[in-house]
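Undergrad: This is the structure I want to talk about, given as structure tokens.
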Amino acid sequence: MEKVDKGIFIKDIVSGERITGVFCVGAKNLLKKRDGSPFLGITLVDSSGQIEARIWDDAERHFEAFKKGDFISVDAEAVEFNQKIQLKINGLRQVPGEGVDISHFLPTSPCDLDKAWNKVERAIKEIKDASLRVLLTNIFKDTGIKKAFKSAPAAKRLHHAYIGGLLEHVANLLDLVKLVVKKYSHLKKDILVAASILHDIGKIRELSWKTPPIDYTDEGRLLGHINIGIEIVDRALGEIGLNQNTGSILVLKHIILSHHGQREYGSPVLPMTEEAMVFHLLDDMDAKLNFLSGLKDVNRENEEGYRWSDYQRLFERYFYLPPEDREFWGKEKGASEDKREEPSQPGLWDFK
Ligand SMILES: [Fe+2]
Ligand SMILES: [Fe+2]
């Protein structure tokens, strides 16, 4: 199969230009113009983002010609509409999926995922609590689970919403747990390590990412990753003949169930152990920091010197994105560069 030339990436599209490129169809809708005649609204996706596109003429015929998830080669003009760039499509043709490089169409973790997986394997081996170690080892003996765990995103949007996002999130949490138990040595490290690895494992079935865009599965919407995660754990416990609700297994399951911290965020129980409380805070921190760093990238790339994010409805605020220049941060010109402090535990910035 001949390789398909990707053409332009969405992030490089500039208003006023004529572009050609291959994109994945994220959504398509038959809409109505003011005079009642139809036009086609399409959301196009690639690894750099998404963009709205319009086909003004012959909408019904084009509507039938392709479906969500198809790859299409597009010839279009980039125009500005409501302060956003939109594509006015002049011509398109379908492109066979086998010829495209999928990494051009789905964003991928910036981390070294092999290193991150090694970290997970090492962490499992170092667990002293036999029940937890056997449980984790058994779950990842399933090659289907292991493969999905290594490539799953951690979310559809918001945080770590890219290939390998789940593994990156888990590896970050393992690093954070290391730091926290060093300071608060009474905390049970084994539980926190097991929770880091398993708390979001249900996402391997909650989300689909084989073709763009990342989306929820039916099972994911109807059950949610917390329930699916508990199911995966219970099945493994059944296979190895461990009691499902005693000792460290019981408190691990409590963390999986409570890690969202509040009932309105999907946790059926509130964190009720010290480790559950700590774990919720670490999970929340890693998710939020990942989201905020993404915000910075988007806005910096769009407009040089941009100081404020778009309004973030989830957080009910704008975020101030200060510049990197030395004057702003009170450093005198010519002063020696700050050296980033070495992490006290190796590995925290290992795979950035
Ligand atoms: Fe979660
Ligand atoms: Fe999480």
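In the structure tokens, each chain is lettered A, B, ... as it comes, each chain's residues begin at 1, and ligands are numbered from 1 in order of appearance.
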Taking only C-alpha atoms and all ligand atoms into account, which residues are within 12 Å of ligand 1, as an MDAnalysis selection string?

TA: chainID A and resid 153:155 159:160 166 169:170 195:204 206 220 224:230 255:262 265:267 279:280 282:284 286:287

Undergrad: Keeping only C-alpha atoms, write the selected residues as a PDB file, in the first residue's frame.

TA:
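Contents of result06.pdb, freshly written:
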ATOM      1  CA  PRO A 153      -5.025   7.839  26.454  1.00  0.00           C
ATOM      2  CA  ALA A 154      -5.984   8.957  29.974  1.00  0.00           C
ATOM      3  CA  ALA A 155      -8.956  10.989  28.760  1.00  0.00           C
ATOM      4  CA  HIS A 159      -5.643  15.688  30.714  1.00  0.00           C
ATOM      5  CA  HIS A 160      -3.193  13.309  29.033  1.00  0.00           C
ATOM      6  CA  LEU A 166      -2.514   6.758  30.714  1.00  0.00           C
ATOM      7  CA  HIS A 169       0.016   9.684  34.058  1.00  0.00           C
ATOM      8  CA  VAL A 170       0.746   6.421  35.913  1.00  0.00           C
ATOM      9  CA  ALA A 195      -3.265   2.504  43.248  1.00  0.00           C
ATOM     10  CA  SER A 196      -1.086   4.584  40.890  1.00  0.00           C
ATOM     11  CA  ILE A 197      -0.962   1.687  38.450  1.00  0.00           C
ATOM     12  CA  LEU A 198      -4.546   0.443  38.732  1.00  0.00           C
ATOM     13  CA  HIS A 199      -6.785   3.418  39.595  1.00  0.00           C
ATOM     14  CA  ASP A 200      -7.478   4.355  35.948  1.00  0.00           C
ATOM     15  CA  ILE A 201      -6.984   0.921  34.341  1.00  0.00           C
ATOM     16  CA  GLY A 202     -10.686   0.915  33.398  1.00  0.00           C
ATOM     17  CA  LYS A 203      -9.811   3.558  30.793  1.00  0.00           C
ATOM     18  CA  ILE A 204      -8.507   0.817  28.514  1.00  0.00           C
ATOM     19  CA  GLU A 206     -13.764   3.282  28.686  1.00  0.00           C
ATOM     20  CA  GLY A 220     -17.227   3.489  28.944  1.00  0.00           C
ATOM     21  CA  GLY A 224     -17.332   4.444  33.576  1.00  0.00           C
ATOM     22  CA  HIS A 225     -13.698   3.576  34.195  1.00  0.00           C
ATOM     23  CA  ILE A 226     -14.055   3.198  37.962  1.00  0.00           C
ATOM     24  CA  ASN A 227     -16.553   0.349  37.606  1.00  0.00           C
ATOM     25  CA  ILE A 228     -14.621  -1.248  34.746  1.00  0.00           C
ATOM     26  CA  GLY A 229     -11.420  -1.025  36.817  1.00  0.00           C
ATOM     27  CA  ILE A 230     -13.037  -2.796  39.753  1.00  0.00           C
ATOM     28  CA  ILE A 255      -8.784   3.965  46.476  1.00  0.00           C
ATOM     29  CA  ILE A 256      -9.901   2.910  42.981  1.00  0.00           C
ATOM     30  CA  LEU A 257     -13.487   3.730  43.953  1.00  0.00           C
ATOM     31  CA  SER A 258     -12.744   6.993  45.764  1.00  0.00           C
ATOM     32  CA  HIS A 259      -9.941   8.487  43.661  1.00  0.00           C
ATOM     33  CA  HIS A 260     -12.136  11.165  42.067  1.00  0.00           C
ATOM     34  CA  GLY A 261     -12.582  12.573  45.551  1.00  0.00           C
ATOM     35  CA  GLN A 262     -16.248  13.526  45.342  1.00  0.00           C
ATOM     36  CA  TYR A 265     -17.121  13.523  40.026  1.00  0.00           C
ATOM     37  CA  GLY A 266     -18.071   9.874  39.774  1.00  0.00           C
ATOM     38  CA  SER A 267     -16.691   8.320  42.944  1.00  0.00           C
ATOM     39  CA  PHE A 279      -3.808   9.526  46.365  1.00  0.00           C
ATOM     40  CA  HIS A 280      -6.781  11.656  45.345  1.00  0.00           C
ATOM     41  CA  LEU A 282      -1.767  13.481  43.763  1.00  0.00           C
ATOM     42  CA  ASP A 283      -4.045  12.229  40.981  1.00  0.00           C
ATOM     43  CA  ASP A 284      -5.830  15.570  40.842  1.00  0.00           C
ATOM     44  CA  ASP A 286      -1.028  15.488  37.973  1.00  0.00           C
ATOM     45  CA  ALA A 287      -4.202  15.756  35.886  1.00  0.00           C
TER      46      ALA A 287
END

Undergrad: I'd like the neighbourhood of Asn90 (chain A) as a PyMOL selection string, where a residue qualifies if any of its atoms comes within 9 Å (using only C-alpha atoms), though same-chain residues fewer than 2 positions away should be ignored.

TA: chain A and resi 55-56+74-77+88+92

Undergrad: Which residues come within 6 Å of region 41-50 of chain A, counting only C-alpha atoms, excluding same-chain residues fewer than 2 positions away, as a list in words?

TA: Ile10, Lys11, Phe23, Cys24, Val25, Gly26, Ala27, Lys28, Asn29, Glu52, Ala53, Arg54, His104, Phe105, Leu106 and Pro107 of chain A

Undergrad: Find the residues around Gly16 (chain A) up to 8 Å (only C-alpha atoms counted), leave out those fewer than 4 positions away in its own chain, and share them as a list of chain:residue names.

TA: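 Close residues of Gly16 (chain A): A:Glu77, A:Ala78, A:Val79, A:Glu80.
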
Undergrad: Quick one: of A:Asn290, A:Ser309, A:Ser208, A:Asn245, who's nearest to ligand 2, counting only C-alpha atoms and all ligand atoms?

TA: A:Asn290

Undergrad: Hey, what's within 7 Å of Pro322 (chain A) if we count only C-alpha atoms and toss same-chain stuff fewer than 2 positions away? As a PyMOL selection string, please?

TA: chain A and resi 307+320+324

Undergrad: Restrict the selected residues to C-alpha atoms and save them as a tab-separated table (two decimals), in the first residue's frame.

TA:
chain	number	residue	atom	x	y	z
A	307	ARG	CA	-0.82	36.41	28.30
A	320	TYR	CA	-2.65	34.02	33.24
A	324	GLU	CA	9.37	33.35	29.97

Undergrad: From region 134-303 of chain A, collect each residue whose DSSP state is helix (DSSP H, G or I) and return the set as number ranges by chain.

TA: A: 134-141, 143-151, 165-183, 189-198, 203-206, 218-240, 247-258, 263-265, 274-302

Undergrad: Between A:Trp117, A:Leu281, A:Ile72, A:Ser37, which is the closest to Asp57 (chain A) once you count only C-alpha atoms?

TA: A:Ser37

Undergrad: Please report the interatomic distance between CA of Glu316 (chain A) and CA of Ala276 (chain A) in Å with one decimal.

TA: 26.9 Å

Undergrad: With distances taken over only C-alpha atoms, which residue among A:Lys296, A:Lys189, A:Lys141, A:Lys68 lies nearest Asp215 (chain A)?

TA: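 Of all the options, A:Lys68 lies closest to Asp215 (chain A).
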
Undergrad: CA of Leu174 (chain A) and CA of Val120 (chain A), how far apart in Å?

TA: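 If I compute the distance from CA of Val120 (chain A) to CA of Leu174 (chain A), I get 7.9 Å.
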
Undergrad: Do a neighbour search on Ala116 (chain A) at 8 Å with only C-alpha atoms, toss out local chain neighbours closer than 3 positions, and write the hits as a list in words.

TA: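 Once the adjacent positions are removed, what remains is Cys111, Asp112, Leu113, Lys119, Val120, Leu167, Glu168, Ala171 and Phe351 of chain A.
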
Undergrad: Under the rule that only C-alpha atoms and all ligand atoms are counted, which of A:Ile214, A:Ile13, A:Ala123, A:Leu158 is the nearest residue to ligand 2?

TA: A:Leu158

Undergrad: Per DSSP on the backbone, what are the strand (DSSP E) residues of region 58-131 of chain A, as a ChimeraX atom specification?

TA: /A:71-81,84-95
